[in-house]
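Chemist: Structure: final-v6.tsv, TSV, C-alpha atoms and all ligand atoms.
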chain	number	residue	atom	x	y	z
Q	1	MET	CA	0.00	0.00	0.00
Q	2	VAL	CA	1.25	3.50	-0.84
Q	3	THR	CA	-0.07	6.39	1.22
Q	4	ASN	CA	-0.42	9.98	0.07
Q	5	ASP	CA	2.92	10.97	1.61
Q	6	GLY	CA	4.64	8.44	-0.69
Q	7	THR	CA	5.35	5.90	2.06
Q	8	THR	CA	5.13	2.23	1.07
Q	9	HIS	CA	3.58	-0.07	3.67
Q	10	ILE	CA	4.05	-3.82	3.30
Q	11	ASP	CA	2.17	-6.45	5.26
Q	12	SER	CA	1.07	-10.01	4.72
Q	13	PRO	CA	-0.81	-11.32	7.76
Q	14	MET	CA	-0.72	-15.13	7.60
Q	15	GLY	CA	0.32	-14.75	3.96
Q	16	GLY	CA	-3.11	-13.27	3.25
Q	17	ARG	CA	-4.74	-16.61	4.15
Q	18	ASP	CA	-7.50	-15.05	6.21
Q	19	GLY	CA	-7.85	-11.94	4.08
Q	20	TYR	CA	-7.28	-8.35	5.12
Q	21	THR	CA	-9.89	-7.59	7.74
Q	22	SER	CA	-8.58	-4.40	9.32
Q	23	MET	CA	-6.87	-1.17	8.31
Q	24	GLU	CA	-3.77	-2.07	10.29
Q	25	MET	CA	-0.63	-2.41	8.18
Q	26	ASP	CA	2.50	-3.70	9.85
Q	27	GLY	CA	1.25	-2.51	13.25
Q	28	GLU	CA	0.15	0.91	12.05
Q	29	GLU	CA	-3.48	1.99	11.63
Q	30	ILE	CA	-4.00	3.46	8.15
Q	31	ASP	CA	-6.63	6.11	7.43
Q	32	PRO	CA	-8.59	4.91	4.34
Q	33	ASP	CA	-8.61	8.49	3.00
Q	34	ASP	CA	-4.81	8.45	3.10
Q	35	ILE	CA	-4.43	5.52	0.68
Q	36	LYS	CA	-3.01	6.48	-2.71
Q	37	LYS	CA	-2.93	2.95	-4.10
Q	38	ALA	CA	-3.08	-0.59	-2.77
Q	39	PHE	CA	-2.32	-3.94	-4.31
Q	40	PHE	CA	-1.80	-7.59	-3.43
Q	41	VAL	CA	1.16	-9.37	-4.97
Q	42	PRO	CA	1.17	-13.14	-4.59
Q	43	LYS	CA	4.70	-14.52	-4.39
Q	44	LEU	CA	5.83	-18.07	-4.89
Q	45	CYS	CA	8.87	-20.05	-5.92
Q	46	ASN	CA	10.02	-18.44	-9.17
Q	47	GLN	CA	11.35	-21.74	-10.56
Q	48	CYS	CA	14.55	-19.88	-11.40
Q	49	ASP	CA	16.63	-20.87	-14.38
Q	50	ASN	CA	19.71	-20.13	-12.30
Q	51	PRO	CA	18.47	-21.15	-8.83
Q	52	ALA	CA	20.51	-20.12	-5.80
Q	53	CYS	CA	18.84	-22.88	-3.78
Q	54	VAL	CA	20.23	-25.60	-6.03
Q	55	GLN	CA	23.72	-24.10	-5.94
Q	56	VAL	CA	23.96	-24.15	-2.14
Q	57	CYS	CA	22.37	-27.50	-1.35
Q	58	PRO	CA	25.23	-29.67	-0.05
Q	59	VAL	CA	23.57	-33.00	-0.73
Q	60	GLY	CA	21.77	-32.46	-4.03
Q	61	ALA	CA	18.35	-32.68	-2.40
Q	62	THR	CA	17.26	-29.57	-4.29
Q	63	TYR	CA	17.54	-30.14	-7.98
Q	64	GLN	CA	16.25	-28.94	-11.33
Q	65	THR	CA	14.33	-31.22	-13.66
Q	66	ASN	CA	15.04	-31.31	-17.41
Q	67	ASP	CA	11.84	-29.37	-17.96
Q	68	GLY	CA	13.06	-26.57	-15.67
Q	69	VAL	CA	11.17	-27.12	-12.43
Q	70	VAL	CA	13.08	-26.91	-9.14
Q	71	LEU	CA	12.15	-29.68	-6.73
Q	72	VAL	CA	13.13	-30.89	-3.25
Q	73	ASP	CA	13.76	-34.58	-2.58
Q	74	ARG	CA	12.46	-35.14	0.96
Q	75	ASP	CA	14.43	-38.35	1.33
Q	76	TRP	CA	17.74	-36.61	0.67
Q	77	CYS	CA	17.14	-33.29	2.46
Q	78	ILE	CA	19.06	-33.09	5.74
Q	79	GLY	CA	17.27	-29.90	6.87
Q	80	CYS	CA	20.38	-27.74	6.98
Q	81	GLY	CA	18.43	-24.65	5.86
Q	82	TYR	CA	21.07	-23.36	3.43
Q	83	CYS	CA	18.49	-23.09	0.64
Q	84	ILE	CA	16.10	-21.16	2.89
Q	85	MET	CA	18.83	-18.58	3.52
Q	86	ALA	CA	20.01	-18.51	-0.11
Q	87	CYS	CA	16.67	-17.94	-1.84
Q	88	PRO	CA	16.48	-14.19	-2.52
Q	89	TYR	CA	12.69	-14.38	-2.66
Q	90	GLY	CA	12.16	-15.87	0.80
Q	91	VAL	CA	9.79	-18.47	-0.56
Q	92	ARG	CA	11.33	-21.50	1.10
Q	93	PHE	CA	10.31	-22.68	4.53
Q	94	PHE	CA	11.01	-25.48	6.94
Q	95	HIS	CA	8.21	-28.01	6.84
Q	96	PRO	CA	7.14	-28.52	10.48
Q	97	VAL	CA	5.90	-32.07	9.96
Q	98	HIS	CA	8.37	-33.54	7.47
Q	99	LYS	CA	11.33	-31.62	8.96
Q	100	VAL	CA	12.74	-30.75	5.54
Q	101	ALA	CA	12.90	-27.64	3.35
Q	102	ASP	CA	9.82	-27.07	1.25
Q	103	LYS	CA	8.35	-24.68	-1.30
Q	104	CYS	CA	5.93	-24.44	-4.21
Q	105	ASN	CA	6.76	-27.07	-6.83
Q	106	PHE	CA	4.47	-25.74	-9.59
Q	107	CYS	CA	2.27	-28.77	-8.77
Q	108	TYR	CA	4.75	-30.97	-10.58
Q	109	HIS	CA	2.58	-34.03	-9.92
Q	110	ARG	CA	-0.23	-32.31	-11.86
Q	111	ILE	CA	1.57	-30.53	-14.71
Q	112	THR	CA	3.41	-33.71	-15.69
Q	113	LYS	CA	-0.03	-35.26	-16.22
Q	114	GLY	CA	-1.19	-32.41	-18.43
Q	115	MET	CA	-3.17	-30.71	-15.65
Q	116	GLU	CA	-2.80	-27.13	-14.44
Q	117	PRO	CA	-1.36	-26.23	-11.02
Q	118	ALA	CA	-4.05	-26.12	-8.34
Q	119	CYS	CA	-3.72	-22.33	-7.92
Q	120	VAL	CA	-4.24	-21.75	-11.63
Q	121	GLU	CA	-7.27	-24.02	-11.72
Q	122	CYS	CA	-8.98	-22.60	-8.63
Q	123	CYS	CA	-8.35	-18.86	-9.14
Q	124	SER	CA	-11.83	-17.49	-9.80
Q	125	PHE	CA	-10.50	-14.53	-11.76
Q	126	GLY	CA	-7.93	-16.25	-13.97
Q	127	ALA	CA	-5.19	-14.13	-12.45
Q	128	ARG	CA	-2.73	-16.99	-12.66
Q	129	ARG	CA	-1.76	-18.77	-15.84
Q	130	ILE	CA	0.94	-21.27	-16.69
Q	131	ALA	CA	2.77	-21.60	-19.99
Q	132	ASN	CA	5.12	-23.87	-21.82
Q	133	LEU	CA	7.78	-21.32	-22.73
Q	134	LYS	CA	9.19	-23.68	-25.36
Q	135	ASP	CA	5.92	-23.49	-27.28
Q	136	PRO	CA	5.70	-20.18	-29.19
Q	137	ASP	CA	2.00	-20.81	-29.90
Q	138	ASP	CA	1.12	-21.14	-26.22
Q	139	PRO	CA	-1.20	-18.16	-25.51
Q	140	VAL	CA	0.59	-17.31	-22.27
Q	141	THR	CA	4.01	-17.57	-23.94
Q	142	LYS	CA	2.73	-15.05	-26.49
Q	143	ILE	CA	1.80	-12.65	-23.69
Q	144	ILE	CA	5.21	-13.06	-22.05
Q	145	THR	CA	7.08	-12.49	-25.30
Q	146	THR	CA	5.00	-9.62	-26.65
Q	147	GLU	CA	3.76	-7.67	-23.65
Q	148	ARG	CA	5.48	-5.70	-20.95
Q	149	VAL	CA	6.05	-8.20	-18.15
Q	150	ALA	CA	8.25	-7.94	-15.08
Q	151	VAL	CA	10.06	-10.35	-12.79
Q	152	LEU	CA	11.07	-9.88	-9.17
Q	153	LYS	CA	14.68	-9.06	-8.21
Q	154	ASP	CA	16.06	-9.39	-11.71
Q	155	GLU	CA	19.36	-8.00	-10.44
Q	156	TYR	CA	20.15	-11.25	-8.58
Q	157	GLY	CA	20.70	-13.07	-11.86
Q	158	THR	CA	18.47	-15.99	-10.87
Q	159	LYS	CA	16.44	-15.71	-14.09
Q	160	PRO	CA	13.02	-16.17	-12.47
Q	161	HIS	CA	10.18	-17.83	-14.34
Q	162	VAL	CA	7.27	-16.13	-12.64
Q	163	PHE	CA	6.20	-13.13	-14.71
Q	164	TYR	CA	3.91	-10.31	-13.61
Q	165	LEU	CA	1.75	-8.09	-15.76
Q	166	GLY	CA	1.31	-4.53	-14.49
Q	167	LEU	CA	3.78	-4.90	-11.61
Q	168	ASP	CA	4.03	-1.69	-9.61
Q	169	ALA	CA	7.53	-0.21	-9.27
Q	170	ASN	CA	7.09	-0.27	-5.47
Q	171	VAL	CA	7.01	-4.07	-5.45
Q	172	ARG	CA	10.35	-5.73	-4.74
Q	201	LIG	S1	12.63	-18.71	-6.08
Q	201	LIG	FE1	14.08	-19.37	-4.49
Q	201	LIG	S2	13.43	-21.48	-4.01
Q	201	LIG	FE2	12.53	-20.96	-6.00
Q	201	LIG	S3	14.02	-21.70	-7.55
Q	201	LIG	FE3	14.45	-19.51	-7.16
Q	201	LIG	S4	16.06	-19.54	-5.57
Q	201	LIG	FE4	15.09	-21.60	-5.58
Q	202	LIG	S1	17.57	-27.76	3.74
Q	202	LIG	FE1	17.53	-29.65	2.42
Q	202	LIG	S2	17.13	-28.88	0.34
Q	202	LIG	FE2	17.78	-27.10	1.58
Q	202	LIG	S3	20.03	-26.94	1.28
Q	202	LIG	FE3	19.72	-28.20	3.12
Q	202	LIG	S4	19.66	-30.33	2.37
Q	202	LIG	FE4	19.38	-29.01	0.56
Could you rewrite the structure in this file as structure tokens?
Ligand code: SF4
Ligand code: SF4

Modeler:
Amino acid sequence: MVTNDGTTHIDSPMGGRDGYTSMEMDGEEIDPDDIKKAFFVPKLCNQCDNPACVQVCPVGATYQTNDGVVLVDRDWCIGCGYCIMACPYGVRFFHPVHKVADKCNFCYHRITKGMEPACVECCSFGARRIANLKDPDDPVTKIITTERVAVLKDEYGTKPHVFYLGLDANVR
């Protein structure tokens, strides 16, 4: 949220799971009349082409498939947390039950069967789409290659594969 004085306020209570039910942002009460613009930016594993998490994993538990998806092998992960620290997007977490590192895997079990990721299928507004970037006729690939899209933290050289349309310059 950006207020009229140009200040950017960032908050994500429970990752937005329960919605935004008050005008409190990061502990500060915001006057609705003071809001210049507000937006919600879902973040997830960017399935980087040059993934920092793969580079630091000492046991090869985090790896990249031939089709470009970054996965975690729960049997090999020793829970050292290196990947959690290395990911510049902060999208990795320690799974409290399995005691290993975890993250979004693009619903690999679904996309390899020709299905869409669960988030793409259930989003009521079609805000999320998935593409096969190797297919130039894929409608989403066409959007990515012809329209103005942005990625997060491009300067890290991770070559992220999550693209945003209309990303506000305040979003990092
Ligand atoms: S976003 Fe983070 S966890 Fe996902 S592939 Fe990139 S570096 Fe790894
Ligand atoms: S927590 Fe697991 S996946 Fe992450 S770097 Fe350590 S062994 Fe690899």

Chemist: May I have the residues within 12 Å of region 18-21 of chain Q as a short mmCIF file (atom, residue, chain, number, x, y, z; two decimals) with C-alpha atoms, in the frame of the given file, using all atoms listed in the file and disregarding those fewer than 5 positions away in the same chain?

Modeler:
data_model
loop_
_atom_site.label_atom_id
_atom_site.label_comp_id
_atom_site.auth_asym_id
_atom_site.auth_seq_id
_atom_site.Cartn_x
_atom_site.Cartn_y
_atom_site.Cartn_z
CA ASP Q 11 2.17 -6.45 5.26
CA SER Q 12 1.07 -10.01 4.72
CA PRO Q 13 -0.81 -11.32 7.76
CA ASP Q 26 2.50 -3.70 9.85
CA ALA Q 38 -3.08 -0.59 -2.77
CA PHE Q 39 -2.32 -3.94 -4.31
CA PHE Q 40 -1.80 -7.59 -3.43
#

Chemist: Take atom S4 of ligand LIG 201 (chain Q) and CA of Cys53 (chain Q) and report the distance between them in Å, one decimal.

Modeler: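 Between these atoms lies a distance of 4.7 Å.
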
Chemist: Could you list, as a PyMOL selection string, all the residues within 9 Å of ligand LIG 201 (chain Q), counting only C-alpha atoms and all ligand atoms?

Modeler: chain Q and resi 44-55+62+64+69-71+83-84+86-92+102-105+158-162

Chemist: Can you tell me, as a list in words, what residues are no more than 10 Å from Val41 (chain Q) when counting only C-alpha atoms, ignoring any on the same chain fewer than 6 positions away?

Modeler: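 Result of the neighbour search: Ser12, Tyr164, Leu167, Asp168, Val171 and Arg172 of chain Q.
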
Chemist: Go through the chains and note each residue within 8 Å of ligand LIG 202 (chain Q), using all atoms listed in the file, then give the set as number ranges by chain.

Modeler: Q: 53-54, 56-62, 72-74, 76-84, 94, 100-102

Chemist: For CA of Asp75 (chain Q) and CA of Ala118 (chain Q), quote the distance in Å rounded to one decimal.

Modeler: 24.2 Å

Chemist: What are the centre and the three edge lengths of an axis-aligned box that wraps all atoms of region 8-17 of chain Q in the file, given that 5 Å is added to every side, written as lines of an AutoDock Vina configuration file and rounded to one decimal in Å?

Modeler:
center_x = 0.2
center_y = -7.2
center_z = 4.4
size_x = 19.9
size_y = 28.8
size_z = 16.7

Chemist: To one decimal place, how far is CA of Ile130 (chain Q) from CA of Lys153 (chain Q) in Å?

Modeler: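 So the two atoms, CA of Ile130 (chain Q) and CA of Lys153 (chain Q), lie 20.2 Å apart.
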
Chemist: Might you pull out every residue within 8 Å of Glu116 (chain Q), with all atoms listed in the file counted and same-chain residues fewer than 5 positions away left off, and present them as a PDB file with C-alpha atoms, in the coordinates of the input?

Modeler:
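Result file is selection_23.pdb:
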ATOM      1  CA  CYS Q 107       2.270 -28.770  -8.770  1.00  0.00           C
ATOM      2  CA  ARG Q 110      -0.230 -32.310 -11.860  1.00  0.00           C
ATOM      3  CA  ILE Q 111       1.570 -30.530 -14.710  1.00  0.00           C
ATOM      4  CA  GLU Q 121      -7.270 -24.020 -11.720  1.00  0.00           C
ATOM      5  CA  ILE Q 130       0.940 -21.270 -16.690  1.00  0.00           C
TER       6      ILE Q 130
END

Chemist: List as a compact mmCIF listing (two decimals) with C-alpha atoms, in the coordinates of the input the protein and nucleic acid residues near Val149 (chain Q), meaning an atom at most 10 Å away when only C-alpha atoms are counted, but skip any in the same chain fewer than 3 places from it.

Modeler:
# COMPACT_ATOMS: atom_id res chain seq x y z
CA ILE Q 143 1.80 -12.65 -23.69
CA ILE Q 144 5.21 -13.06 -22.05
CA THR Q 145 7.08 -12.49 -25.30
CA THR Q 146 5.00 -9.62 -26.65
CA VAL Q 162 7.27 -16.13 -12.64
CA PHE Q 163 6.20 -13.13 -14.71
CA TYR Q 164 3.91 -10.31 -13.61
CA LEU Q 165 1.75 -8.09 -15.76
CA GLY Q 166 1.31 -4.53 -14.49
CA LEU Q 167 3.78 -4.90 -11.61

Chemist: Leaving out His9 (chain Q) and any residue of its chain fewer than 4 positions from it, which residues lie within 7 Å of it when counting only C-alpha atoms, given as a list of chain:residue names?

Modeler: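 The contact residues come out as Q:Met1, Q:Val2, Q:Met25.
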
Chemist: Taking all atoms listed in the file into account, name the residue in Q:Glu155, Q:Asn132, Q:Lys37, Q:Ser22 that is nearest to Gly6 (chain Q).

Modeler: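 The closest residue to Gly6 (chain Q) is Q:Lys37.
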